[in-house]
file work09.cif (mmCIF, C-alpha atoms)
data_final
#
loop_
_atom_site.label_atom_id
_atom_site.label_comp_id
_atom_site.auth_asym_id
_atom_site.auth_seq_id
_atom_site.Cartn_x
_atom_site.Cartn_y
_atom_site.Cartn_z
CA MET A 994 0.00 0.00 0.00
CA ALA A 995 1.27 3.48 -0.84
CA PHE A 996 2.32 5.70 2.06
CA TYR A 997 0.03 8.53 3.11
CA MET A 998 0.70 11.12 5.79
CA GLU A 999 -1.88 10.60 8.52
CA ILE A 1000 -4.83 12.81 7.62
CA LYS A 1001 -8.22 12.74 9.25
CA ARG A 1002 -11.02 12.33 6.74
CA ASP A 1003 -13.87 12.19 9.19
CA ARG A 1004 -16.45 13.46 6.70
CA TYR A 1005 -16.16 10.23 4.69
CA LEU A 1006 -15.34 7.91 7.56
CA ASN A 1007 -18.53 8.90 9.39
CA HIS A 1008 -20.56 8.10 6.27
CA LEU A 1009 -19.09 4.60 6.14
CA ILE A 1010 -19.70 4.06 9.84
CA SER A 1011 -23.33 5.12 9.50
CA TYR A 1012 -23.91 2.77 6.54
CA GLN A 1013 -22.69 -0.43 8.26
CA TRP A 1014 -24.91 -3.48 7.85
CA ASP A 1015 -27.71 -1.60 6.09
CA GLY A 1016 -28.08 -4.33 3.47
CA GLN A 1017 -26.64 -2.23 0.68
CA VAL A 1018 -23.36 -2.18 -1.22
CA LYS A 1019 -21.22 0.77 -0.11
CA VAL A 1020 -19.64 2.34 -3.19
CA ILE A 1021 -16.69 4.67 -2.59
CA THR A 1022 -16.13 6.73 -5.73
CA GLY A 1023 -13.69 9.41 -6.79
CA ILE A 1024 -10.71 10.23 -8.97
CA ARG A 1025 -7.86 7.74 -8.79
CA ARG A 1026 -5.25 8.46 -6.09
CA CYS A 1027 -7.54 10.75 -4.09
CA GLY A 1028 -7.47 8.49 -1.02
CA LYS A 1029 -10.37 6.07 -1.50
CA SER A 1030 -8.31 3.00 -0.69
CA TYR A 1031 -6.72 4.70 2.29
CA LEU A 1032 -10.15 5.63 3.61
CA LEU A 1033 -11.38 2.05 3.33
CA ARG A 1034 -8.32 -0.07 4.06
CA VAL A 1035 -6.69 2.13 6.72
CA LEU A 1036 -9.10 4.56 8.36
CA PHE A 1037 -12.25 2.42 8.24
CA LYS A 1038 -10.35 -0.78 8.96
CA ASN A 1039 -8.67 0.80 12.00
CA TYR A 1040 -12.07 1.92 13.23
CA LEU A 1041 -13.43 -1.61 12.88
CA LEU A 1042 -10.48 -3.05 14.79
CA THR A 1043 -11.12 -0.63 17.66
CA GLN A 1044 -14.71 -1.90 17.74
CA GLY A 1045 -13.61 -5.50 18.29
CA VAL A 1046 -13.66 -6.73 14.68
CA ARG A 1047 -10.83 -9.21 14.09
CA GLU A 1048 -8.37 -9.09 11.20
CA ASP A 1049 -9.67 -12.40 9.82
CA GLN A 1050 -13.17 -10.91 9.56
CA ILE A 1051 -11.96 -8.38 6.99
CA ILE A 1052 -11.59 -9.72 3.44
CA ASN A 1053 -9.49 -7.46 1.24
CA ILE A 1054 -9.35 -7.82 -2.57
CA GLU A 1055 -7.39 -5.39 -4.76
CA LEU A 1056 -8.32 -5.78 -8.42
CA ASP A 1057 -5.55 -3.44 -9.61
CA LEU A 1058 -2.89 -5.87 -8.32
CA ALA A 1059 -1.63 -8.94 -10.17
CA ARG A 1060 -2.09 -10.90 -6.96
CA ASP A 1061 -5.86 -10.62 -7.27
CA ILE A 1062 -6.17 -10.49 -11.03
CA ARG A 1063 -8.17 -13.75 -11.20
CA TYR A 1064 -10.96 -12.06 -9.26
CA ARG A 1065 -11.54 -9.63 -12.10
CA ASN A 1066 -13.66 -12.51 -13.34
CA PRO A 1067 -16.97 -11.84 -11.51
CA LEU A 1068 -17.74 -15.56 -11.18
CA GLU A 1069 -14.33 -16.23 -9.64
CA LEU A 1070 -14.84 -13.28 -7.29
CA SER A 1071 -18.22 -14.49 -6.13
CA ALA A 1072 -17.05 -18.09 -5.70
CA TYR A 1073 -14.00 -17.00 -3.70
CA VAL A 1074 -15.98 -14.87 -1.27
CA ARG A 1075 -18.60 -17.59 -0.80
CA SER A 1076 -15.87 -20.12 -0.05
CA LEU A 1077 -14.69 -17.92 2.83
CA VAL A 1078 -17.98 -16.97 4.46
CA GLN A 1079 -20.78 -19.32 3.50
CA GLY A 1080 -22.15 -21.41 6.34
CA LYS A 1081 -20.25 -19.50 9.01
CA GLU A 1082 -21.85 -17.63 11.89
CA GLN A 1083 -19.37 -14.79 12.26
CA LYS A 1084 -19.77 -11.55 10.32
CA TYR A 1085 -17.37 -10.40 7.60
CA TYR A 1086 -16.46 -7.10 6.01
CA LEU A 1087 -15.62 -7.38 2.29
CA PHE A 1088 -13.38 -4.67 0.76
CA ILE A 1089 -12.97 -4.70 -3.04
CA ASP A 1090 -10.62 -2.07 -4.49
CA GLU A 1091 -10.92 -0.59 -8.02
CA ILE A 1092 -14.04 -2.54 -8.97
CA GLN A 1093 -14.18 -0.92 -12.42
CA MET A 1094 -11.25 -3.17 -13.39
CA SER A 1095 -13.55 -6.18 -13.26
CA ASP A 1096 -14.08 -7.97 -16.58
CA GLU A 1097 -17.30 -8.71 -18.42
CA ILE A 1098 -17.53 -12.42 -19.25
CA ALA A 1099 -19.82 -14.64 -21.26
CA ASN A 1100 -22.47 -16.52 -19.34
CA PRO A 1101 -21.16 -20.12 -19.34
CA TYR A 1102 -24.76 -21.41 -19.37
CA ASN A 1103 -25.89 -19.07 -22.14
CA PRO A 1104 -22.85 -17.85 -24.13
CA SER A 1105 -24.96 -15.76 -26.49
CA GLY A 1106 -26.93 -14.10 -23.70
CA LYS A 1107 -26.27 -11.07 -21.55
CA LYS A 1108 -22.73 -10.89 -20.23
CA ILE A 1109 -21.95 -11.31 -16.56
CA THR A 1110 -20.48 -8.22 -14.87
CA PHE A 1111 -19.33 -7.13 -11.44
CA TYR A 1112 -22.89 -5.94 -10.77
CA ASP A 1113 -23.99 -9.59 -10.82
CA ALA A 1114 -21.20 -10.58 -8.43
CA LEU A 1115 -21.97 -7.75 -6.02
CA ASN A 1116 -25.69 -8.43 -6.08
CA ASP A 1117 -24.90 -12.06 -5.28
CA MET A 1118 -22.63 -11.15 -2.37
CA ARG A 1119 -25.09 -8.60 -1.04
CA GLU A 1120 -27.51 -11.48 -0.43
CA LEU A 1121 -25.04 -13.09 1.99
CA VAL A 1122 -26.43 -12.13 5.39
CA ASN A 1123 -23.06 -12.31 7.14
CA VAL A 1124 -21.16 -10.08 4.68
CA ASP A 1125 -21.08 -6.26 4.57
CA VAL A 1126 -19.82 -5.17 1.14
CA TYR A 1127 -17.65 -2.12 0.37
CA VAL A 1128 -16.12 -1.31 -3.02
CA THR A 1129 -14.00 1.52 -4.42
CA GLY A 1130 -13.95 2.69 -8.00
CA SER A 1131 -12.91 5.50 -10.32
CA ASN A 1132 -15.58 5.57 -12.99
CA SER A 1133 -18.56 7.85 -12.52
CA ARG A 1134 -20.97 6.25 -14.97
CA MET A 1135 -20.34 2.68 -13.83
CA LEU A 1136 -20.50 3.45 -10.14
CA SER A 1137 -22.71 6.51 -9.64
CA THR A 1138 -25.30 6.19 -12.39
CA ASP A 1139 -25.58 2.57 -13.48
CA ILE A 1140 -25.38 1.24 -9.95
CA LEU A 1141 -28.81 2.69 -9.12
CA THR A 1142 -30.26 0.59 -11.91
CA GLU A 1143 -28.16 -2.52 -11.52
CA PHE A 1144 -28.53 -2.66 -7.73
CA ARG A 1145 -32.18 -1.59 -7.94
CA GLY A 1146 -31.39 1.45 -5.81
CA ARG A 1147 -29.71 -0.63 -3.14
CA GLY A 1148 -26.34 1.06 -3.04
CA ASP A 1149 -24.84 3.78 -0.85
CA GLU A 1150 -22.40 6.12 -2.60
CA VAL A 1151 -19.63 7.88 -0.69
CA ARG A 1152 -17.97 10.35 -3.05
CA VAL A 1153 -14.38 11.07 -2.03
CA HIS A 1154 -12.52 14.16 -3.24
CA PRO A 1155 -8.90 15.27 -3.01
CA LEU A 1156 -8.04 17.05 0.22
CA SER A 1157 -10.01 20.18 0.97
CA PHE A 1158 -7.96 23.12 2.17
CA ALA A 1159 -9.18 22.44 5.71
CA GLU A 1160 -7.93 18.83 5.51
CA TYR A 1161 -4.67 19.98 3.93
CA TYR A 1162 -4.10 22.63 6.59
CA SER A 1163 -4.88 20.21 9.40
CA ALA A 1164 -1.92 18.15 8.19
CA VAL A 1165 0.63 20.88 7.38
CA GLY A 1166 -0.25 23.61 9.92
CA GLY A 1167 1.83 26.78 10.11
CA ASP A 1168 1.00 30.12 8.49
CA LYS A 1169 -2.42 29.93 6.82
CA ASN A 1170 -1.49 32.18 3.90
CA GLU A 1171 1.66 30.21 3.13
CA ALA A 1172 -0.30 26.97 3.36
CA PHE A 1173 -2.92 28.31 0.98
CA ASP A 1174 -0.30 29.44 -1.53
CA ALA A 1175 1.12 25.91 -1.58
CA TYR A 1176 -2.37 24.39 -1.84
CA ALA A 1177 -3.31 26.70 -4.72
CA PHE A 1178 -0.19 25.58 -6.59
CA PHE A 1179 0.07 21.86 -5.78
CA GLY A 1180 -3.53 21.04 -4.88
CA GLY A 1181 -4.80 18.37 -2.53
CA MET A 1182 -3.87 14.95 -3.90
CA PRO A 1183 -2.89 13.18 -0.65
CA LEU A 1184 0.49 11.85 -1.78
CA ILE A 1185 1.65 15.42 -2.41
CA LEU A 1186 2.21 15.68 1.34
CA SER A 1187 4.77 12.87 1.29
CA ARG A 1188 6.85 14.28 -1.59
CA PRO A 1189 10.14 15.80 -0.34
CA ASP A 1190 10.38 18.96 -2.48
CA ASP A 1191 8.64 21.06 -5.12
CA ASN A 1192 10.18 19.22 -8.08
CA ALA A 1193 9.05 15.87 -6.70
CA LYS A 1194 5.55 17.23 -6.22
CA MET A 1195 5.37 18.60 -9.76
CA ASN A 1196 6.71 15.38 -11.25
CA TYR A 1197 4.19 13.33 -9.29
CA LEU A 1198 1.26 15.40 -10.55
CA ARG A 1199 2.51 15.23 -14.15
CA SER A 1200 2.91 11.46 -13.91
CA LEU A 1201 -0.69 11.05 -12.73
CA PHE A 1202 -1.84 12.30 -16.12
CA SER A 1203 0.63 10.39 -18.27
CA GLU A 1204 0.77 7.12 -16.32
CA VAL A 1205 -2.67 6.88 -14.71
CA TYR A 1206 -5.52 9.04 -16.00
CA ILE A 1207 -4.84 9.21 -19.74
CA LYS A 1208 -3.81 5.57 -20.03
CA ASP A 1209 -6.86 4.49 -18.06
CA ILE A 1210 -9.28 6.45 -20.27
CA VAL A 1211 -7.62 5.40 -23.52
CA GLU A 1212 -7.66 1.72 -22.57
CA ARG A 1213 -11.16 1.56 -21.10
CA LYS A 1214 -12.84 3.75 -23.71
CA LYS A 1215 -10.73 2.51 -26.64
CA ILE A 1216 -9.89 6.08 -27.66
CA GLY A 1217 -8.94 6.37 -31.32
CA ARG A 1218 -7.72 9.96 -31.20
CA GLU A 1219 -5.51 10.27 -28.15
CA ASP A 1220 -4.12 13.51 -29.58
CA VAL A 1221 -7.60 15.04 -29.60
CA LEU A 1222 -8.27 13.86 -26.05
CA GLY A 1223 -5.04 15.54 -24.95
CA VAL A 1224 -5.89 18.84 -26.63
CA VAL A 1225 -9.40 18.85 -25.13
CA LEU A 1226 -7.85 18.22 -21.73
CA ASP A 1227 -5.36 21.07 -22.24
CA ILE A 1228 -8.09 23.51 -23.28
CA LEU A 1229 -10.35 22.64 -20.35
CA ALA A 1230 -7.42 22.93 -17.92
CA SER A 1231 -6.32 26.31 -19.25
CA SER A 1232 -9.84 27.76 -19.23
CA VAL A 1233 -11.36 26.57 -15.95
CA GLY A 1234 -14.37 28.67 -15.07
CA SER A 1235 -14.87 29.88 -18.65
CA LEU A 1236 -18.00 29.19 -20.65
CA THR A 1237 -17.52 26.56 -23.32
CA ASN A 1238 -19.28 23.74 -25.17
CA PRO A 1239 -18.45 21.05 -27.76
CA THR A 1240 -19.15 23.47 -30.64
CA LYS A 1241 -16.70 26.02 -29.29
CA LEU A 1242 -14.07 23.35 -28.62
CA THR A 1243 -14.52 21.89 -32.11
CA ASN A 1244 -13.97 25.32 -33.67
CA THR A 1245 -10.95 25.95 -31.45
CA LEU A 1246 -9.33 22.67 -32.47
CA LYS A 1247 -9.94 23.42 -36.13
CA SER A 1248 -8.64 27.00 -36.09
CA ARG A 1249 -5.82 26.74 -33.55
CA GLU A 1250 -4.66 23.14 -33.76
CA ARG A 1251 -5.63 22.38 -37.38
CA ILE A 1252 -7.51 19.33 -36.11
CA SER A 1253 -10.80 18.42 -37.73
CA VAL A 1254 -13.08 16.36 -35.50
CA SER A 1255 -16.82 16.07 -34.98
CA GLN A 1256 -18.74 17.72 -32.15
CA ASN A 1257 -19.99 14.28 -31.08
CA THR A 1258 -16.40 13.11 -30.60
CA ILE A 1259 -15.58 16.17 -28.51
CA LYS A 1260 -18.75 15.66 -26.47
CA ALA A 1261 -17.83 12.02 -25.88
CA TYR A 1262 -14.28 12.92 -24.80
CA ILE A 1263 -15.56 15.53 -22.33
CA GLY A 1264 -17.86 12.82 -21.00
CA HIS A 1265 -14.91 10.46 -20.53
CA LEU A 1266 -13.03 13.12 -18.53
CA ALA A 1267 -16.10 13.61 -16.36
CA ASP A 1268 -16.57 9.85 -15.90
CA ALA A 1269 -12.98 9.66 -14.63
CA PHE A 1270 -13.80 12.48 -12.16
CA LEU A 1271 -11.17 14.74 -13.74
CA PHE A 1272 -13.58 17.53 -14.63
CA ALA A 1273 -17.06 18.52 -13.52
CA GLU A 1274 -19.64 20.52 -15.45
CA SER A 1275 -21.51 23.45 -13.91
CA LYS A 1276 -24.59 24.37 -15.93
CA ARG A 1277 -26.06 27.83 -16.35
CA TYR A 1278 -29.29 28.44 -14.46
CA ASP A 1279 -31.80 31.22 -15.09
CA VAL A 1280 -32.49 32.35 -11.52
CA LYS A 1281 -35.73 34.21 -12.24
CA GLY A 1282 -36.98 31.81 -14.91
CA LYS A 1283 -36.06 28.81 -12.76
CA ALA A 1284 -34.76 26.83 -15.74
CA TYR A 1285 -31.41 25.57 -17.03
CA ILE A 1286 -29.84 27.17 -20.08
CA ASP A 1287 -28.71 24.44 -22.46
CA SER A 1288 -25.33 25.81 -23.50
CA PRO A 1289 -22.60 26.75 -22.83
CA SER A 1290 -21.42 25.46 -19.43
CA LYS A 1291 -18.39 25.91 -17.19
CA TYR A 1292 -15.94 23.14 -16.38
CA TYR A 1293 -13.82 22.83 -13.25
CA CYS A 1294 -10.91 20.50 -12.54
CA GLU A 1295 -11.31 18.09 -9.62
CA ASP A 1296 -7.96 19.19 -8.19
CA ILE A 1297 -6.27 22.52 -8.83
CA GLY A 1298 -2.81 20.95 -8.60
CA LEU A 1299 -3.69 18.55 -11.41
CA ARG A 1300 -4.96 21.47 -13.46
CA ASN A 1301 -1.71 23.38 -12.88
CA ALA A 1302 0.38 20.34 -13.77
CA ARG A 1303 -1.48 19.80 -17.03
CA ILE A 1304 -0.63 23.31 -18.25
CA GLY A 1305 2.99 23.07 -17.08
CA PHE A 1306 2.44 25.16 -13.94
CA ARG A 1307 1.94 28.23 -16.10
CA GLN A 1308 -1.14 30.51 -16.18
CA GLN A 1309 -1.23 31.02 -12.44
CA GLU A 1310 -4.14 33.48 -12.59
CA MET A 1311 -5.44 33.52 -9.06
CA THR A 1312 -8.93 34.61 -10.14
CA HIS A 1313 -9.48 31.33 -12.01
CA ILE A 1314 -7.62 29.21 -9.46
CA MET A 1315 -9.65 30.70 -6.63
CA GLU A 1316 -12.93 30.08 -8.48
CA ASN A 1317 -11.99 26.45 -9.13
CA ILE A 1318 -11.05 25.90 -5.47
CA LEU A 1319 -14.34 27.44 -4.34
CA TYR A 1320 -16.34 25.27 -6.73
CA ASN A 1321 -14.66 22.12 -5.42
CA GLU A 1322 -15.23 23.19 -1.82
CA LEU A 1323 -18.94 23.77 -2.39
CA VAL A 1324 -19.35 20.38 -4.09
CA LEU A 1325 -17.43 18.73 -1.25
CA ARG A 1326 -19.86 20.29 1.23
CA GLY A 1327 -22.69 18.51 -0.54
CA PHE A 1328 -24.18 21.33 -2.60
CA SER A 1329 -25.44 21.25 -6.16
CA VAL A 1330 -23.54 24.10 -7.84
CA ASP A 1331 -24.80 26.01 -10.88
CA VAL A 1332 -23.77 29.18 -12.70
CA GLY A 1333 -26.48 31.77 -12.03
CA VAL A 1334 -27.86 34.06 -14.74
CA VAL A 1335 -30.07 37.08 -14.06
CA TYR A 1336 -31.18 39.77 -16.48
CA SER A 1337 -31.43 43.54 -16.33
CA ARG A 1338 -32.90 46.13 -18.70
CA GLU A 1339 -30.20 48.57 -19.82
CA LEU A 1340 -29.73 51.20 -22.50
CA ASN A 1341 -27.39 50.43 -25.38
CA ARG A 1342 -25.42 52.90 -27.50
CA ASN A 1343 -28.54 53.69 -29.50
CA ASN A 1344 -30.37 54.53 -26.29
CA SER A 1345 -32.59 51.49 -26.75
CA SER A 1346 -33.57 49.25 -23.86
CA VAL A 1347 -32.00 45.81 -24.12
CA ARG A 1348 -32.02 42.72 -21.93
CA VAL A 1349 -28.51 42.13 -20.53
CA PRO A 1350 -27.46 38.90 -18.77
CA ARG A 1351 -25.52 39.19 -15.51
CA GLU A 1352 -23.67 36.26 -13.97
CA ILE A 1353 -23.59 34.93 -10.43
CA ASP A 1354 -20.57 32.65 -10.09
CA PHE A 1355 -22.33 30.03 -7.96
CA VAL A 1356 -25.94 29.28 -7.13
CA ILE A 1357 -25.81 26.56 -4.49
CA THR A 1358 -28.64 24.35 -3.26
CA GLY A 1359 -28.74 21.38 -0.93
CA ALA A 1360 -29.61 20.26 2.59
CA GLY A 1361 -32.55 22.65 2.63
CA LYS A 1362 -30.32 25.62 1.83
CA LYS A 1363 -29.89 28.01 -1.07
CA ALA A 1364 -27.35 30.80 -1.46
CA TYR A 1365 -25.64 32.97 -4.07
CA ILE A 1366 -21.85 33.29 -4.08
CA GLN A 1367 -19.47 35.50 -6.01
CA SER A 1368 -15.74 34.74 -6.22
CA ALA A 1369 -13.73 37.98 -6.21
CA TYR A 1370 -9.97 37.99 -5.85
CA ALA A 1371 -10.03 41.71 -5.04
CA MET A 1372 -12.59 44.52 -5.00
CA ASP A 1373 -10.36 47.57 -5.20
CA SER A 1374 -12.76 50.00 -6.88
CA ASP A 1375 -16.38 51.09 -6.74
CA GLU A 1376 -16.87 49.76 -10.26
CA LYS A 1377 -15.64 46.29 -9.28
CA ARG A 1378 -17.84 46.25 -6.20
CA ALA A 1379 -20.89 47.32 -8.23
CA SER A 1380 -20.30 44.59 -10.83
CA GLU A 1381 -20.16 41.90 -8.14
CA VAL A 1382 -23.16 43.12 -6.14
CA LYS A 1383 -25.55 44.03 -8.99
CA PRO A 1384 -26.44 40.42 -9.97
CA PHE A 1385 -27.37 39.75 -6.32
CA MET A 1386 -29.79 42.65 -6.29
CA LEU A 1387 -31.38 41.52 -9.54
CA THR A 1388 -32.51 38.26 -7.91
CA ARG A 1389 -34.91 40.27 -5.73
CA ASP A 1390 -35.08 37.53 -3.12
CA SER A 1391 -33.89 37.01 0.43
CA PHE A 1392 -31.55 34.04 0.04
CA PRO A 1393 -28.05 34.56 1.53
CA LYS A 1394 -25.63 36.45 -0.69
CA ILE A 1395 -21.88 36.05 -0.17
CA ILE A 1396 -18.79 37.52 -1.79
CA VAL A 1397 -15.69 35.43 -1.09
CA ARG A 1398 -12.59 37.61 -1.38
CA LYS A 1399 -8.82 37.18 -1.19
CA ASP A 1400 -8.16 40.79 -0.20
CA ILE A 1401 -9.82 40.94 3.24
CA GLY A 1402 -9.36 39.33 6.62
CA LYS A 1403 -12.29 39.80 8.99
CA ARG A 1404 -15.78 39.17 7.60
CA TRP A 1405 -18.41 41.92 7.43
CA TYR A 1406 -21.82 42.73 5.92
CA ASP A 1407 -22.38 45.68 3.58
CA ASP A 1408 -25.43 47.94 3.44
CA GLU A 1409 -27.24 45.52 1.10
CA GLY A 1410 -26.83 42.66 3.55
CA VAL A 1411 -24.15 40.94 1.46
CA LEU A 1412 -21.57 39.01 3.47
CA ASN A 1413 -17.98 39.79 2.52
CA ILE A 1414 -15.65 37.07 3.78
CA GLY A 1415 -12.01 36.21 3.22
CA LEU A 1416 -11.23 33.14 1.11
CA ILE A 1417 -9.18 31.31 3.73
CA GLU A 1418 -11.76 31.94 6.45
CA PHE A 1419 -14.50 30.65 4.15
CA LEU A 1420 -12.57 27.48 3.35
CA LEU A 1421 -11.93 26.78 7.03
CA ASP A 1422 -15.47 27.52 8.27
CA GLU A 1423 -18.19 25.22 6.98
CA THR A 1424 -20.85 27.01 9.02
CA VAL A 1425 -20.84 29.98 6.60
CA VAL A 1426 -23.28 28.12 4.30
#
call {"tool": "encode", "arguments": {"input": "work09.cif", "output": "structure tokens"}}
result
Amino acid sequence: MAFYMEIKRDRYLNHLISYQWDGQVKVITGIRRCGKSYLLRVLFKNYLLTQGVREDQIINIELDLARDIRYRNPLELSAYVRSLVQGKEQKYYLFIDEIQMSDEIANPYNPSGKKITFYDALNDMRELVNVDVYVTGSNSRMLSTDILTEFRGRGDEVRVHPLSFAEYYSAVGGDKNEAFDAYAFFGGMPLILSRPDDNAKMNYLRSLFSEVYIKDIVERKKIGREDVLGVVLDILASSVGSLTNPTKLTNTLKSRERISVSQNTIKAYIGHLADAFLFAESKRYDVKGKAYIDSPSKYYCEDIGLRNARIGFRQQEMTHIMENILYNELVLRGFSVDVGVVYSRELNRNNSSVRVPREIDFVITGAGKKAYIQSAYAMDSDEKRASEVKPFMLTRDSFPKIIVRKDIGKRWYDDEGVLNIGLIEFLLDETVV
């Protein structure tokens, strides 16, 4: 097992503890190397041991290792587990790592029929009354979407993210501003904390793309145009928080890269990046009309350090980096995050009244809450302040309105009731929203 600096990840651990023996398969999802295995095989295992569970009651299978490669066959996996637990009175905890590496196989009793998959094996093991099943995986569609159908709704998902700034700071300590600067550059992939110097950290992040993420997508999705996938990845990484869509990306590839490719291919490749948890889409939402706007959307990278590595640690614009970090933090806190759009009537150059869209960076909903949030690196002029506050006023409602800023320390409310709060304070205080 890879070494991780000891980091508390109580948010996820408490979810696993609460889901014990509920009759469902616990599915731990997230980008590869974000700490899923550590959560399950170290933190949760240690908790179980403190509760009196014995080592021999924990069955651990790692499908990404050659040692357990035979259990990629779902029938072999099911038979092996049954051989260990069937007919016994004691309870067992089953941990299966990287379940998406399981193979699809022909049904030996009906070779031309539907193939047997890991869903069949997990459904079979879920019926064993003395086994509590936990799996980790790094494919969104297989594990977050399809599982609801394949398990008939009987699956608990625990989505794990790279370290939040609060988790990162709890490990490194020291000056908060210095810690944030490092976090904004290297991100929160857990193994970053065990790398001895900056060069080692940068090389590790670069290798995740070349040796893990790209290879994984190309092999699983049978990508024919790896060059196109790479360019799409570069464009998304360099333009986090900017509005884009497959049409715009297709035109960019054609004009800038001299690459001709269909919009459907671009759409599929963006989907593959999202399935691998590398990027997330934030859709535009008409606040007054209460409806989504089809296109374009914004895309954010799951980890800002990975984003920086992909573009060679150039383009260190803090406005975009800060917005990406805020987006990830809000998702981590369990909110659905959209890009808000409100409209105002304004006079154009011809003195005619026109409808002008104004953007709210984040409209968040979840857990019975709703709030509007603007990300502002600095508000050093009346014009900048007016541009950030005006969209809030156009909503004409009483939901909380927050401007997260890098240029202030102590929080305060302005005359419109808008909370101004420093970025670091916001990241360290989950009670704000």
call {"tool": "atom_distance", "arguments": {"input": "work09.cif", "atom1": "atom CA of A:Asp1049", "atom2": "atom CA of A:Arg1119"}}
result
19.2 Å
call {"tool": "residues_around", "arguments": {"input": "work09.cif", "residues": "stretch 1193-1206 of chain A", "least_positions_apart": "2", "cutoff": "12 Å", "atoms": "only C-alpha atoms", "output": "VMD selection string"}}
result
chain A and resid 1024 to 1027 1057 1131 to 1132 1175 to 1176 1178 to 1191 1208 to 1214 1219 1222 to 1223 1226 to 1227 1265 to 1272 1296 to 1306
call {"tool": "resolve_selection", "arguments": {"input": "work09.cif", "expression": "the PyMOL selection byres ((chain A and resi 1030-1047) around 9)", "output": "JSON, numbers by chain"}}
result
{"A": [994, 995, 997, 1001, 1002, 1005, 1006, 1009, 1010, 1021, 1026, 1027, 1028, 1029, 1048, 1049, 1050, 1051, 1053, 1084, 1085, 1088, 1090, 1091, 1127, 1128, 1129, 1153]}
call {"tool": "residues_around", "arguments": {"input": "work09.cif", "residues": "A:Asn1321", "least_positions_apart": "3", "cutoff": "9 Å", "atoms": "only C-alpha atoms", "output": "list of chain:residue names"}}
result
A:His1154, A:Ser1157, A:Tyr1293, A:Cys1294, A:Glu1295, A:Asp1296, A:Glu1316, A:Asn1317, A:Ile1318, A:Val1324, A:Leu1325, A:Arg1326
call {"tool": "resolve_selection", "arguments": {"input": "work09.cif", "expression": "the PyMOL selection byres ((chain A and resi 1323) around 10)", "output": "list in words"}}
result
Ile1318, Leu1319, Tyr1320, Asn1321, Glu1322, Val1324, Leu1325, Arg1326, Gly1327, Phe1328, Ser1329, Val1330, Phe1355, Ile1357, Thr1358, Leu1420, Glu1423 and Val1426 of chain A
call {"tool": "closest_residue", "arguments": {"input": "work09.cif", "among": "A:Arg1351, A:Lys1281, A:Arg1004, A:Arg1342", "to": "A:Pro1384", "atoms": "only C-alpha atoms"}}
result
A:Arg1351
call {"tool": "decode", "arguments": {"input": "work09.cif", "residues": "stretch 1366-1374 of chain A", "atoms": "N, CA, C and O atoms", "output": "tab-separated table (two decimals), in the first residue's frame"}}
result
chain	number	residue	atom	x	y	z
A	1366	ILE	N	-23.24	33.01	-4.44
A	1366	ILE	CA	-21.85	33.29	-4.08
A	1366	ILE	C	-21.10	33.86	-5.27
A	1366	ILE	O	-21.17	33.32	-6.39
A	1367	GLN	N	-20.39	34.95	-5.03
A	1367	GLN	CA	-19.47	35.50	-6.01
A	1367	GLN	C	-18.04	35.25	-5.55
A	1367	GLN	O	-17.73	35.35	-4.36
A	1368	SER	N	-17.16	34.91	-6.48
A	1368	SER	CA	-15.74	34.74	-6.22
A	1368	SER	C	-15.01	35.97	-6.73
A	1368	SER	O	-15.01	36.25	-7.94
A	1369	ALA	N	-14.41	36.73	-5.82
A	1369	ALA	CA	-13.73	37.98	-6.21
A	1369	ALA	C	-12.35	38.03	-5.58
A	1369	ALA	O	-12.24	38.13	-4.35
A	1370	TYR	N	-11.33	37.95	-6.39
A	1370	TYR	CA	-9.97	37.99	-5.85
A	1370	TYR	C	-9.74	39.30	-5.10
A	1370	TYR	O	-9.18	39.31	-4.00
A	1371	ALA	N	-10.17	40.41	-5.69
A	1371	ALA	CA	-10.03	41.71	-5.04
A	1371	ALA	C	-11.14	42.62	-5.53
A	1371	ALA	O	-11.59	42.52	-6.66
A	1372	MET	N	-11.59	43.51	-4.65
A	1372	MET	CA	-12.59	44.52	-5.00
A	1372	MET	C	-12.01	45.87	-4.63
A	1372	MET	O	-12.30	46.43	-3.58
A	1373	ASP	N	-11.15	46.38	-5.51
A	1373	ASP	CA	-10.36	47.57	-5.20
A	1373	ASP	C	-10.90	48.85	-5.83
A	1373	ASP	O	-10.21	49.87	-5.89
A	1374	SER	N	-12.15	48.80	-6.31
A	1374	SER	CA	-12.76	50.00	-6.88
A	1374	SER	C	-14.27	49.91	-6.73
A	1374	SER	O	-14.84	48.83	-6.56
